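S.K.: Pasting upload04.txt below, which is compact mmCIF, C-alpha atoms and all ligand atoms.
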# COMPACT_ATOMS: atom_id res chain seq x y z
CA MET A 1 -11.73 66.61 -52.20
CA ILE A 2 -14.84 64.60 -51.28
CA ARG A 3 -17.28 66.49 -49.04
CA LEU A 4 -19.50 64.75 -46.53
CA PRO A 5 -23.17 65.82 -46.61
CA PRO A 6 -24.23 68.25 -43.84
CA LEU A 7 -24.10 66.44 -40.49
CA PRO A 8 -24.64 67.41 -36.86
CA THR A 9 -21.44 68.87 -35.37
CA ILE A 10 -19.31 66.66 -33.13
CA GLN A 11 -20.42 68.75 -30.15
CA GLU A 12 -24.06 68.07 -31.09
CA ILE A 13 -23.35 64.35 -31.52
CA ILE A 14 -21.72 64.25 -28.09
CA ARG A 15 -24.77 66.00 -26.59
CA ILE A 16 -27.39 63.91 -28.43
CA TYR A 17 -25.75 60.58 -27.52
CA GLY A 18 -24.58 61.65 -24.04
CA LEU A 19 -20.97 60.75 -24.90
CA SER A 20 -19.09 62.15 -21.92
CA ALA A 21 -15.37 61.36 -21.94
CA ARG A 22 -14.54 58.65 -19.42
CA LYS A 23 -11.56 59.63 -17.31
CA LYS A 24 -11.04 55.99 -16.30
CA LEU A 25 -10.43 55.19 -20.00
CA SER A 26 -8.23 58.32 -20.50
CA GLN A 27 -10.63 59.65 -23.10
CA ASN A 28 -9.86 63.17 -24.39
CA PHE A 29 -11.67 64.31 -27.49
CA LEU A 30 -10.35 66.54 -30.24
CA LEU A 31 -13.26 68.67 -31.40
CA ASP A 32 -11.40 71.41 -33.31
CA LEU A 33 -11.77 70.40 -36.95
CA ASN A 34 -8.82 72.61 -37.97
CA LEU A 35 -6.60 70.43 -35.78
CA THR A 36 -8.10 67.15 -36.97
CA ARG A 37 -7.56 68.34 -40.58
CA LYS A 38 -3.95 69.18 -39.73
CA ILE A 39 -3.34 65.69 -38.30
CA ILE A 40 -4.81 64.06 -41.39
CA LYS A 41 -2.75 66.31 -43.67
CA SER A 42 0.41 65.23 -41.88
CA ALA A 43 -0.43 61.58 -42.65
CA GLY A 44 0.24 62.40 -46.35
CA ASN A 45 -1.79 61.83 -49.49
CA LEU A 46 -4.64 59.44 -48.68
CA LYS A 47 -6.11 59.41 -52.20
CA ASN A 48 -7.14 55.86 -53.16
CA CYS A 49 -5.66 54.53 -49.90
CA CYS A 50 -7.00 52.35 -47.13
CA VAL A 51 -6.86 53.89 -43.64
CA VAL A 52 -7.29 52.11 -40.33
CA GLU A 53 -8.30 54.58 -37.63
CA VAL A 54 -7.78 53.31 -34.10
CA GLY A 55 -9.94 54.74 -31.30
CA PRO A 56 -12.22 57.08 -33.33
CA GLY A 57 -14.36 58.00 -30.30
CA PRO A 58 -17.07 60.49 -31.34
CA GLY A 59 -15.48 60.78 -34.80
CA GLY A 60 -13.65 64.13 -35.11
CA LEU A 61 -10.60 62.68 -36.88
CA THR A 62 -12.88 60.26 -38.71
CA ARG A 63 -14.69 63.15 -40.41
CA SER A 64 -11.45 64.70 -41.57
CA ILE A 65 -10.32 61.35 -43.01
CA LEU A 66 -13.63 60.96 -44.86
CA ASN A 67 -13.24 64.49 -46.26
CA THR A 68 -10.15 63.29 -48.20
CA GLU A 69 -10.26 61.01 -51.22
CA VAL A 70 -9.62 57.98 -49.05
CA ASP A 71 -10.90 54.83 -50.70
CA LYS A 72 -11.59 52.74 -47.59
CA LEU A 73 -11.70 53.66 -43.90
CA ILE A 74 -11.85 51.01 -41.21
CA VAL A 75 -12.35 52.26 -37.66
CA VAL A 76 -11.64 50.12 -34.59
CA GLU A 77 -13.30 51.37 -31.39
CA LYS A 78 -13.38 49.58 -28.06
CA ASP A 79 -16.10 51.62 -26.33
CA ALA A 80 -19.56 50.51 -27.54
CA ARG A 81 -21.09 53.91 -26.63
CA PHE A 82 -19.49 55.48 -29.73
CA ILE A 83 -20.84 53.00 -32.28
CA PRO A 84 -24.22 54.73 -32.97
CA SER A 85 -22.53 58.10 -33.64
CA LEU A 86 -19.97 56.42 -35.89
CA GLU A 87 -22.83 54.77 -37.78
CA ILE A 88 -24.04 58.24 -38.81
CA LEU A 89 -20.65 58.87 -40.42
CA ALA A 90 -20.62 55.43 -42.05
CA ALA A 91 -24.04 56.12 -43.56
CA ALA A 92 -22.77 59.42 -45.01
CA SER A 93 -19.51 57.91 -46.31
CA GLN A 94 -20.81 56.49 -49.59
CA GLY A 95 -19.83 52.96 -48.57
CA ARG A 96 -16.25 53.89 -47.77
CA MET A 97 -16.35 53.37 -43.99
CA LYS A 98 -16.51 50.15 -41.96
CA ILE A 99 -16.89 50.06 -38.16
CA ILE A 100 -15.38 47.39 -35.97
CA GLN A 101 -16.04 47.26 -32.28
CA GLY A 102 -12.95 45.72 -30.70
CA ASP A 103 -9.80 46.16 -28.71
CA ILE A 104 -6.89 47.14 -30.93
CA LEU A 105 -4.53 45.40 -28.49
CA ASN A 106 -6.08 42.03 -29.45
CA PHE A 107 -6.71 42.74 -33.06
CA ASP A 108 -4.89 41.87 -36.27
CA MET A 109 -5.53 44.72 -38.70
CA ALA A 110 -4.48 42.52 -41.64
CA ASP A 111 -7.73 40.58 -41.15
CA VAL A 112 -9.82 43.61 -42.13
CA VAL A 113 -7.70 45.35 -44.78
CA PRO A 114 -8.76 44.12 -48.23
CA LEU A 115 -5.97 42.44 -50.21
CA GLU A 116 -6.36 44.90 -53.09
CA TYR A 117 -4.41 47.49 -51.00
CA ALA A 118 -1.47 45.15 -50.41
CA ARG A 119 1.84 46.22 -51.96
CA GLN A 120 5.35 44.78 -52.13
CA TRP A 121 7.51 45.90 -49.21
CA GLN A 122 9.95 47.66 -51.53
CA GLU A 123 7.31 49.73 -53.32
CA ASN A 124 7.48 53.49 -53.03
CA THR A 125 4.28 54.79 -51.51
CA PRO A 126 2.39 52.81 -48.89
CA GLU A 127 -1.29 52.34 -49.77
CA ILE A 128 -2.25 51.60 -46.18
CA HIS A 129 -2.11 54.11 -43.32
CA VAL A 130 -2.85 53.78 -39.63
CA ILE A 131 -4.07 56.92 -37.89
CA GLY A 132 -5.05 57.34 -34.26
CA ASN A 133 -5.41 59.54 -31.25
CA LEU A 134 -5.37 56.84 -28.58
CA PRO A 135 -5.00 57.10 -24.80
CA PHE A 136 -1.31 57.48 -23.92
CA ASN A 137 -1.31 54.27 -21.88
CA VAL A 138 -2.35 52.37 -25.04
CA SER A 139 -0.26 54.11 -27.71
CA THR A 140 3.20 53.32 -26.28
CA PRO A 141 2.77 49.53 -25.74
CA LEU A 142 0.98 49.42 -29.09
CA ILE A 143 3.82 51.05 -31.00
CA ILE A 144 6.31 48.54 -29.52
CA ARG A 145 4.04 45.70 -30.61
CA TRP A 146 3.68 47.19 -34.09
CA LEU A 147 7.45 47.74 -34.40
CA ASP A 148 7.89 44.03 -33.70
CA SER A 149 5.38 43.29 -36.49
CA ILE A 150 7.21 45.70 -38.84
CA SER A 151 10.50 43.92 -38.13
CA LYS A 152 8.90 40.59 -39.02
CA GLN A 153 6.78 42.05 -41.83
CA CYS A 154 3.80 40.29 -40.31
CA ASN A 155 0.22 41.24 -39.31
CA LEU A 156 -0.73 44.50 -41.10
CA TRP A 157 2.84 44.81 -42.37
CA SER A 158 2.48 41.61 -44.36
CA ARG A 159 0.52 43.93 -46.70
CA GLY A 160 3.45 46.34 -47.27
CA ARG A 161 5.05 49.31 -45.57
CA ALA A 162 1.92 50.79 -43.95
CA SER A 163 2.71 54.17 -42.38
CA MET A 164 1.37 55.36 -39.02
CA THR A 165 0.38 58.80 -37.79
CA LEU A 166 -0.22 58.67 -34.06
CA THR A 167 -0.46 61.00 -31.10
CA PHE A 168 1.68 60.64 -27.99
CA GLN A 169 2.31 62.57 -24.84
CA LYS A 170 4.70 65.32 -26.06
CA GLU A 171 7.60 64.01 -24.01
CA VAL A 172 7.21 60.50 -25.45
CA ALA A 173 7.08 62.02 -28.96
CA GLU A 174 10.39 63.81 -28.19
CA ARG A 175 11.89 60.48 -27.10
CA ILE A 176 10.74 58.71 -30.25
CA ILE A 177 12.48 61.21 -32.56
CA ALA A 178 15.49 62.00 -30.31
CA PRO A 179 18.84 62.01 -32.17
CA PRO A 180 22.08 60.85 -30.48
CA ARG A 181 23.24 63.17 -27.65
CA SER A 182 19.74 64.57 -27.13
CA GLU A 183 18.52 64.68 -23.54
CA TYR A 184 15.54 62.59 -24.70
CA ARG A 185 17.62 59.82 -26.34
CA CYS A 186 16.54 56.44 -24.92
CA ARG A 187 15.74 52.85 -25.80
CA LEU A 188 12.47 53.91 -27.50
CA SER A 189 14.41 56.29 -29.82
CA VAL A 190 16.61 53.48 -31.18
CA MET A 191 13.79 50.90 -31.37
CA CYS A 192 11.61 53.29 -33.43
CA GLN A 193 14.36 54.77 -35.59
CA TYR A 194 16.07 51.55 -36.64
CA LEU A 195 12.84 50.32 -38.24
CA CYS A 196 11.11 53.57 -39.29
CA ASN A 197 11.74 57.08 -40.48
CA VAL A 198 10.11 59.06 -37.71
CA SER A 199 9.12 62.73 -37.66
CA LEU A 200 7.35 64.95 -35.16
CA LYS A 201 4.79 66.73 -37.33
CA PHE A 202 3.53 69.25 -34.80
CA SER A 203 2.43 69.64 -31.19
CA ILE A 204 -1.01 70.28 -29.80
CA PRO A 205 -1.48 72.04 -26.46
CA GLY A 206 -3.35 69.90 -23.93
CA LYS A 207 -6.01 72.59 -23.64
CA ALA A 208 -7.18 71.85 -27.21
CA PHE A 209 -8.69 68.55 -25.98
CA VAL A 210 -11.93 68.00 -24.08
CA PRO A 211 -11.38 67.41 -21.20
CA PRO A 212 -7.78 68.75 -21.36
CA PRO A 213 -5.04 66.31 -20.31
CA LYS A 214 -2.31 67.74 -18.06
CA VAL A 215 0.30 67.38 -20.82
CA ASP A 216 0.77 68.55 -24.41
CA VAL A 217 0.50 66.14 -27.31
CA GLY A 218 2.87 65.37 -30.21
CA VAL A 219 1.77 64.03 -33.61
CA VAL A 220 4.36 61.55 -34.88
CA LYS A 221 4.54 59.97 -38.31
CA PHE A 222 6.28 56.60 -38.78
CA VAL A 223 7.22 55.31 -42.23
CA PRO A 224 8.76 51.81 -42.14
CA ARG A 225 12.20 51.75 -43.74
CA ARG A 226 12.76 49.52 -46.74
CA GLU A 227 15.79 48.09 -44.95
CA PRO A 228 16.09 48.24 -41.13
CA LEU A 229 19.17 50.07 -39.88
CA ILE A 230 19.96 47.10 -37.63
CA ARG A 231 19.83 43.76 -39.35
CA GLN A 232 19.26 41.57 -36.32
CA PRO A 233 16.06 40.05 -34.85
CA PHE A 234 13.82 42.44 -32.90
CA GLY A 235 14.23 40.46 -29.65
CA LEU A 236 18.01 40.74 -29.81
CA VAL A 237 17.93 44.49 -30.58
CA GLU A 238 15.44 45.00 -27.76
CA ARG A 239 17.70 43.06 -25.36
CA ILE A 240 20.80 45.08 -26.17
CA ASN A 241 18.94 48.39 -25.94
CA ARG A 242 17.31 47.44 -22.66
CA HIS A 243 20.73 46.77 -21.12
CA LEU A 244 22.41 49.76 -22.80
CA PHE A 245 19.90 52.35 -21.66
CA HIS A 246 19.72 51.03 -18.13
CA HIS A 247 22.51 53.54 -17.44
CA PRO A 248 22.16 56.03 -20.33
CA ASN A 249 24.78 58.45 -18.99
CA LYS A 250 27.48 56.01 -17.88
CA PHE A 251 30.09 54.48 -20.20
CA CYS A 252 28.65 51.66 -22.35
CA VAL A 253 30.92 49.08 -20.71
CA LYS A 254 28.94 49.51 -17.49
CA SER A 255 25.58 48.82 -19.19
CA LEU A 256 26.93 46.02 -21.34
CA GLY A 257 28.35 44.33 -18.27
CA THR A 258 24.85 43.29 -17.23
CA LEU A 259 24.52 41.18 -20.42
CA PHE A 260 27.16 38.71 -19.25
CA PRO A 261 27.79 36.63 -16.13
CA PRO A 262 30.05 38.36 -13.57
CA ASP A 263 32.89 35.89 -14.24
CA ARG A 264 32.84 36.65 -18.00
CA GLU A 265 33.86 40.30 -17.96
CA ASP A 266 36.19 39.43 -20.84
CA LEU A 267 33.10 39.25 -23.11
CA ILE A 268 32.33 42.95 -22.53
CA TRP A 269 35.71 43.78 -24.00
CA THR A 270 35.27 41.25 -26.81
CA MET A 271 31.97 42.93 -27.65
CA ILE A 272 33.54 46.41 -27.59
CA GLU A 273 36.43 45.22 -29.75
CA LEU A 274 34.27 43.34 -32.28
CA SER A 275 31.91 46.31 -32.58
CA GLY A 276 34.58 48.93 -33.09
CA VAL A 277 32.60 51.24 -30.80
CA GLY A 278 34.92 53.03 -28.39
CA ASP A 279 34.65 52.20 -24.69
CA LYS A 280 34.41 55.87 -23.75
CA LEU A 281 30.99 56.45 -25.28
CA ARG A 282 27.81 56.72 -23.25
CA PRO A 283 24.60 55.00 -24.49
CA PHE A 284 22.79 58.30 -25.14
CA GLU A 285 25.64 59.36 -27.47
CA LEU A 286 25.50 56.23 -29.67
CA THR A 287 24.25 56.58 -33.24
CA ASN A 288 21.84 53.97 -34.58
CA GLU A 289 24.74 52.61 -36.64
CA GLN A 290 26.88 52.17 -33.53
CA VAL A 291 24.03 50.33 -31.80
CA GLN A 292 23.89 48.11 -34.90
CA GLN A 293 27.64 47.37 -34.52
CA LEU A 294 27.09 46.40 -30.89
CA CYS A 295 24.13 44.17 -31.80
CA ASN A 296 26.19 42.44 -34.50
CA ALA A 297 29.03 41.88 -32.03
CA TYR A 298 26.63 40.40 -29.45
CA ALA A 299 25.09 38.13 -32.11
CA THR A 300 28.57 36.83 -32.98
CA ILE A 301 29.31 36.16 -29.30
CA ILE A 302 26.11 34.22 -28.61
CA GLU A 303 26.57 32.26 -31.81
CA GLN A 304 29.92 31.09 -30.48
CA GLU A 305 28.85 30.79 -26.84
CA PRO A 306 25.06 30.17 -26.68
CA ASP A 307 25.40 29.27 -22.98
CA ILE A 308 25.80 32.98 -22.27
CA LEU A 309 22.05 33.27 -22.71
CA THR A 310 21.58 31.15 -19.58
CA TYR A 311 22.64 34.23 -17.63
CA GLU A 312 20.35 36.56 -19.62
CA PHE A 313 17.35 34.31 -18.91
CA ARG A 314 18.25 33.52 -15.31
CA SER A 315 14.86 34.79 -14.14
CA GLN A 316 13.21 31.69 -15.63
CA LYS A 317 12.31 29.52 -12.66
CA SER A 318 13.86 26.13 -13.43
CA ALA A 319 16.87 25.05 -15.45
CA LYS A 320 14.44 23.24 -17.76
CA GLU A 321 12.41 26.42 -18.41
CA ARG A 322 15.66 28.31 -19.01
CA ARG A 323 16.85 25.73 -21.54
CA GLN A 324 13.48 25.78 -23.33
CA LYS A 325 13.47 29.59 -23.49
CA ILE A 326 17.02 29.69 -24.88
CA THR A 327 16.27 27.04 -27.48
CA ARG A 328 13.17 28.98 -28.56
CA VAL A 329 14.99 32.32 -28.72
CA LEU A 330 17.94 30.94 -30.67
CA ALA A 331 15.73 29.02 -33.10
CA LEU A 332 13.59 32.11 -33.72
CA GLU A 333 16.59 34.39 -34.16
CA GLN A 334 18.27 31.97 -36.54
CA ARG A 335 15.07 31.57 -38.55
CA LEU A 336 14.66 35.33 -38.84
CA LEU A 337 18.27 35.85 -39.87
CA ALA A 338 17.93 33.09 -42.46
CA THR A 339 14.79 34.82 -43.83
CA ASN A 340 16.67 38.13 -44.06
CA GLU A 341 19.54 36.50 -45.87
CA ARG A 342 17.19 34.72 -48.25
CA THR A 343 15.39 37.97 -49.05
CA ASP A 344 18.75 39.64 -49.67
CA GLY A 345 19.81 36.82 -51.98
CA GLU A 346 16.55 37.03 -53.92
CA LYS A 347 16.93 40.80 -54.24
CA MET A 348 20.45 40.45 -55.57
CA GLN A 349 19.30 37.97 -58.20
CA ARG A 350 16.65 40.36 -59.52
C1 LIG B 1 -8.16 59.91 -26.44
S1 LIG B 1 -9.72 59.30 -27.06
C2 LIG B 1 -9.71 60.04 -28.66
C3 LIG B 1 -10.99 59.95 -29.41
C4 LIG B 1 -10.93 60.54 -30.83
N1 LIG B 1 -9.98 59.83 -31.66
C5 LIG B 1 -10.62 62.00 -30.80
O1 LIG B 1 -9.50 62.35 -31.24
O2 LIG B 1 -11.45 62.79 -30.36
C6 LIG B 1 -9.25 57.63 -27.35
C7 LIG B 1 -10.28 56.73 -27.98
O3 LIG B 1 -9.68 55.45 -28.13
C8 LIG B 1 -10.60 54.45 -27.68
N2 LIG B 1 -9.79 53.32 -27.20
C9 LIG B 1 -9.10 53.25 -26.04
N3 LIG B 1 -8.47 52.07 -25.94
C10 LIG B 1 -8.75 51.39 -27.07
C11 LIG B 1 -8.40 50.10 -27.56
N4 LIG B 1 -7.62 49.30 -26.84
N5 LIG B 1 -8.88 49.70 -28.74
C12 LIG B 1 -9.68 50.52 -29.48
N6 LIG B 1 -10.06 51.75 -29.06
C13 LIG B 1 -9.60 52.18 -27.88
C14 LIG B 1 -11.37 55.14 -26.59
O4 LIG B 1 -12.60 54.48 -26.32
C15 LIG B 1 -11.53 56.53 -27.18
O5 LIG B 1 -12.64 56.58 -28.04
Show me the file's structure as structure tokens.
M.R.:
Amino acid sequence: MIRLPPLPTIQEIIRIYGLSARKKLSQNFLLDLNLTRKIIKSAGNLKNCCVVEVGPGPGGLTRSILNTEVDKLIVVEKDARFIPSLEILAAASQGRMKIIQGDILNFDMADVVPLEYARQWQENTPEIHVIGNLPFNVSTPLIIRWLDSISKQCNLWSRGRASMTLTFQKEVAERIIAPPRSEYRCRLSVMCQYLCNVSLKFSIPGKAFVPPPKVDVGVVKFVPRREPLIRQPFGLVERINRHLFHHPNKFCVKSLGTLFPPDREDLIWTMIELSGVGDKLRPFELTNEQVQQLCNAYATIIEQEPDILTYEFRSQKSAKERRQKITRVLALEQRLLATNERTDGEKMQR
């Protein structure tokens, strides 16, 4: 293990630089180095890896990352007040740490991760990890955005199957990992699980943070799957799940009904029949595989009847906008499916 030289404690850094947590920005600091160590341990072996830490704040987690044999650490922090304290860590890091002041929501991490850490998607251990204790109102939209990138193997995930260890409000963490029939099972569960192996590593009581949030926190690890459990474009999977979980406790036929125009009820039954998923199941009971069967059935239906999408995109203002949106969606979905098939073909040839 690499040890950092003696440094002021995080509490001292906060005092010296006057780094009070800003409630407006939902800032809660983790100052207990036993907990920061535990988070970093749950990310896995970081030896010779490149880590991107999002929202390092005063640098508690950052120190624990630097105390491993990590090869490169890139931190992305939005709040300029933290940069001088992070510079102290960078100076002690023996050239391993780089600071970027920026908003992770408008930032492509692939731009800053050196190519030497890139690996083939199919390779065993990811060499790139993302770690972060972000405000809850940032972490959930961010994970959806990153799942989209994982599905397309773009942005950071054009460099391989980078894993993520992130904190969430405990209840959101429970939703992410919820198995079928769990009270927490929802759209987020399927969206996360079809693309990643997800595990709740441990929970941290809110009172461990300064200032303490009103809720407890869950540390979740995401490892992108080599093959997604649902082999359809992200937008299509998202659409089906959005409709399905609109009524999580009613029979699926009720939720699926909203996918089709009122005069095409027949398509609900076509979808049920094509999927082989019984009509007496409720969305929260569906396995990821059953959601896949429903997505495949829907894809077959819109392939045969693309006009059905006119109903799905009825909120677009004019008929012209609707047509443009449908053309874009279909072209994108077809392109993505073609890419998947090509990759499969190439794999089979090897
Ligand atoms: C909950 S605090 C945690 C700080 C530190 N990681 C810790 O555990 O003590 C969240 C941090 O994320 C930063 N942050 C919030 N939104 C961000 C964004 N969009 N991009 C980058 N950093 C962000 C905040 O400024 C703050 O430093």
S.K.: How many Å lie between CA of Ile308 in chain A and CA of Leu267 in chain A, rounded to one decimal?
M.R.: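 Taking CA of Ile308 in chain A as the start and CA of Leu267 in chain A as the end point, the length is 9.7 Å.
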S.K.: I'd like the box whose edges run along x, y and z of the file and which contains every listed atom of ligand LIG 1 (chain B), padded by 6 Å per side; could you state its centre and edge lengths in Å, one decimal, as JSON?
M.R.:
{"center_x": -10.1, "center_y": 56.0, "center_z": -28.8, "size_x": 17.0, "size_y": 25.5, "size_z": 17.7}
S.K.: Measuring between all atoms listed in the file, which one of A:Phe29, A:Tyr17, A:Phe209, A:Tyr298 shows the shortest distance to ligand LIG 1 (chain B)?
M.R.: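 Closest to ligand LIG 1 (chain B) of all the choices is A:Phe29.
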S.K.: Enumerate as a list in words the residues within 7 Å of ligand LIG 1 (chain B), counting all atoms listed in the file.
M.R.: Leu25, Ser26, Gln27, Asn28, Phe29, Leu30, Leu31, Val54, Gly55, Pro56, Gly57, Pro58, Gly59, Gly60, Leu61, Val76, Glu77, Lys78, Asp79, Gly102, Asp103, Ile104, Leu105, Gly132, Asn133, Leu134, Pro135 and Val138 of chain A
S.K.: For each of A:Ala118, A:Leu236, A:Val75, A:Leu19, take the minimum atom-to-atom distance to Ile99 in chain A, counting only C-alpha atoms, then give the residue where this is smallest.
M.R.: A:Val75
S.K.: Give me, please, the distance in Å between CA of Lys98 in chain A and CA of Arg22 in chain A, quoted to one decimal.
M.R.: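 It comes out at 24.2 Å.
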S.K.: Could you tell me how far CA of Val291 in chain A sits from CA of Arg187 in chain A, in Å to one decimal place?
M.R.: 10.5 Å
S.K.: Got a sec: who's within 12 Å of Trp157 in chain A, counting all atoms listed in the file, leaving out chain neighbours fewer than 3 positions off, as number ranges by chain?
M.R.: A: 108-111, 113, 117-122, 126-130, 145-154, 160-164, 223-226
S.K.: Pick out the residues sitting within 12 Å of Val219 in chain A, and hand them over as a PDB file with C-alpha atoms, in the frame of the given file; count only C-alpha atoms, and ignore anything fewer than 4 positions along from it in its own chain.
M.R.:
ATOM      1  CA  LEU A  35      -6.600  70.430 -35.780  1.00  0.00           C
ATOM      2  CA  THR A  36      -8.100  67.150 -36.970  1.00  0.00           C
ATOM      3  CA  LYS A  38      -3.950  69.180 -39.730  1.00  0.00           C
ATOM      4  CA  ILE A  39      -3.340  65.690 -38.300  1.00  0.00           C
ATOM      5  CA  ILE A  40      -4.810  64.060 -41.390  1.00  0.00           C
ATOM      6  CA  LYS A  41      -2.750  66.310 -43.670  1.00  0.00           C
ATOM      7  CA  SER A  42       0.410  65.230 -41.880  1.00  0.00           C
ATOM      8  CA  ALA A  43      -0.430  61.580 -42.650  1.00  0.00           C
ATOM      9  CA  ILE A 131      -4.070  56.920 -37.890  1.00  0.00           C
ATOM     10  CA  GLY A 132      -5.050  57.340 -34.260  1.00  0.00           C
ATOM     11  CA  ASN A 133      -5.410  59.540 -31.250  1.00  0.00           C
ATOM     12  CA  LEU A 134      -5.370  56.840 -28.580  1.00  0.00           C
ATOM     13  CA  SER A 139      -0.260  54.110 -27.710  1.00  0.00           C
ATOM     14  CA  MET A 164       1.370  55.360 -39.020  1.00  0.00           C
ATOM     15  CA  THR A 165       0.380  58.800 -37.790  1.00  0.00           C
ATOM     16  CA  LEU A 166      -0.220  58.670 -34.060  1.00  0.00           C
ATOM     17  CA  THR A 167      -0.460  61.000 -31.100  1.00  0.00           C
ATOM     18  CA  PHE A 168       1.680  60.640 -27.990  1.00  0.00           C
ATOM     19  CA  GLN A 169       2.310  62.570 -24.840  1.00  0.00           C
ATOM     20  CA  LYS A 170       4.700  65.320 -26.060  1.00  0.00           C
ATOM     21  CA  GLU A 171       7.600  64.010 -24.010  1.00  0.00           C
ATOM     22  CA  VAL A 172       7.210  60.500 -25.450  1.00  0.00           C
ATOM     23  CA  ALA A 173       7.080  62.020 -28.960  1.00  0.00           C
ATOM     24  CA  GLU A 174      10.390  63.810 -28.190  1.00  0.00           C
ATOM     25  CA  ILE A 176      10.740  58.710 -30.250  1.00  0.00           C
ATOM     26  CA  ILE A 177      12.480  61.210 -32.560  1.00  0.00           C
ATOM     27  CA  VAL A 198      10.110  59.060 -37.710  1.00  0.00           C
ATOM     28  CA  SER A 199       9.120  62.730 -37.660  1.00  0.00           C
ATOM     29  CA  LEU A 200       7.350  64.950 -35.160  1.00  0.00           C
ATOM     30  CA  LYS A 201       4.790  66.730 -37.330  1.00  0.00           C
ATOM     31  CA  PHE A 202       3.530  69.250 -34.800  1.00  0.00           C
ATOM     32  CA  SER A 203       2.430  69.640 -31.190  1.00  0.00           C
ATOM     33  CA  ILE A 204      -1.010  70.280 -29.800  1.00  0.00           C
ATOM     34  CA  PRO A 205      -1.480  72.040 -26.460  1.00  0.00           C
TER      35      PRO A 205
END
S.K.: Ranking A:Gly44, A:Ile10, A:Val215, A:Phe251 by minimum distance to Ile268 in chain A and counting all atoms listed in the file, which one comes first?
M.R.: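 Closest to Ile268 in chain A, using all atoms listed in the file: A:Phe251.
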S.K.: I need the residue nearest Pro261 in chain A from this list: A:Thr310, A:His247, A:Glu305, A:Phe234. Use all atoms listed in the file for the distance.
M.R.: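 Among the listed residues, A:Thr310 lies closest to Pro261 in chain A.
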S.K.: Using only C-alpha atoms, what residues lie at most 9 Å away from (22.0, 39.8, -18.1) (file coordinates), given as JSON, numbers by chain?
M.R.: {"A": [243, 256, 257, 258, 259, 260, 261, 308, 309, 310, 311, 312, 313, 314]}
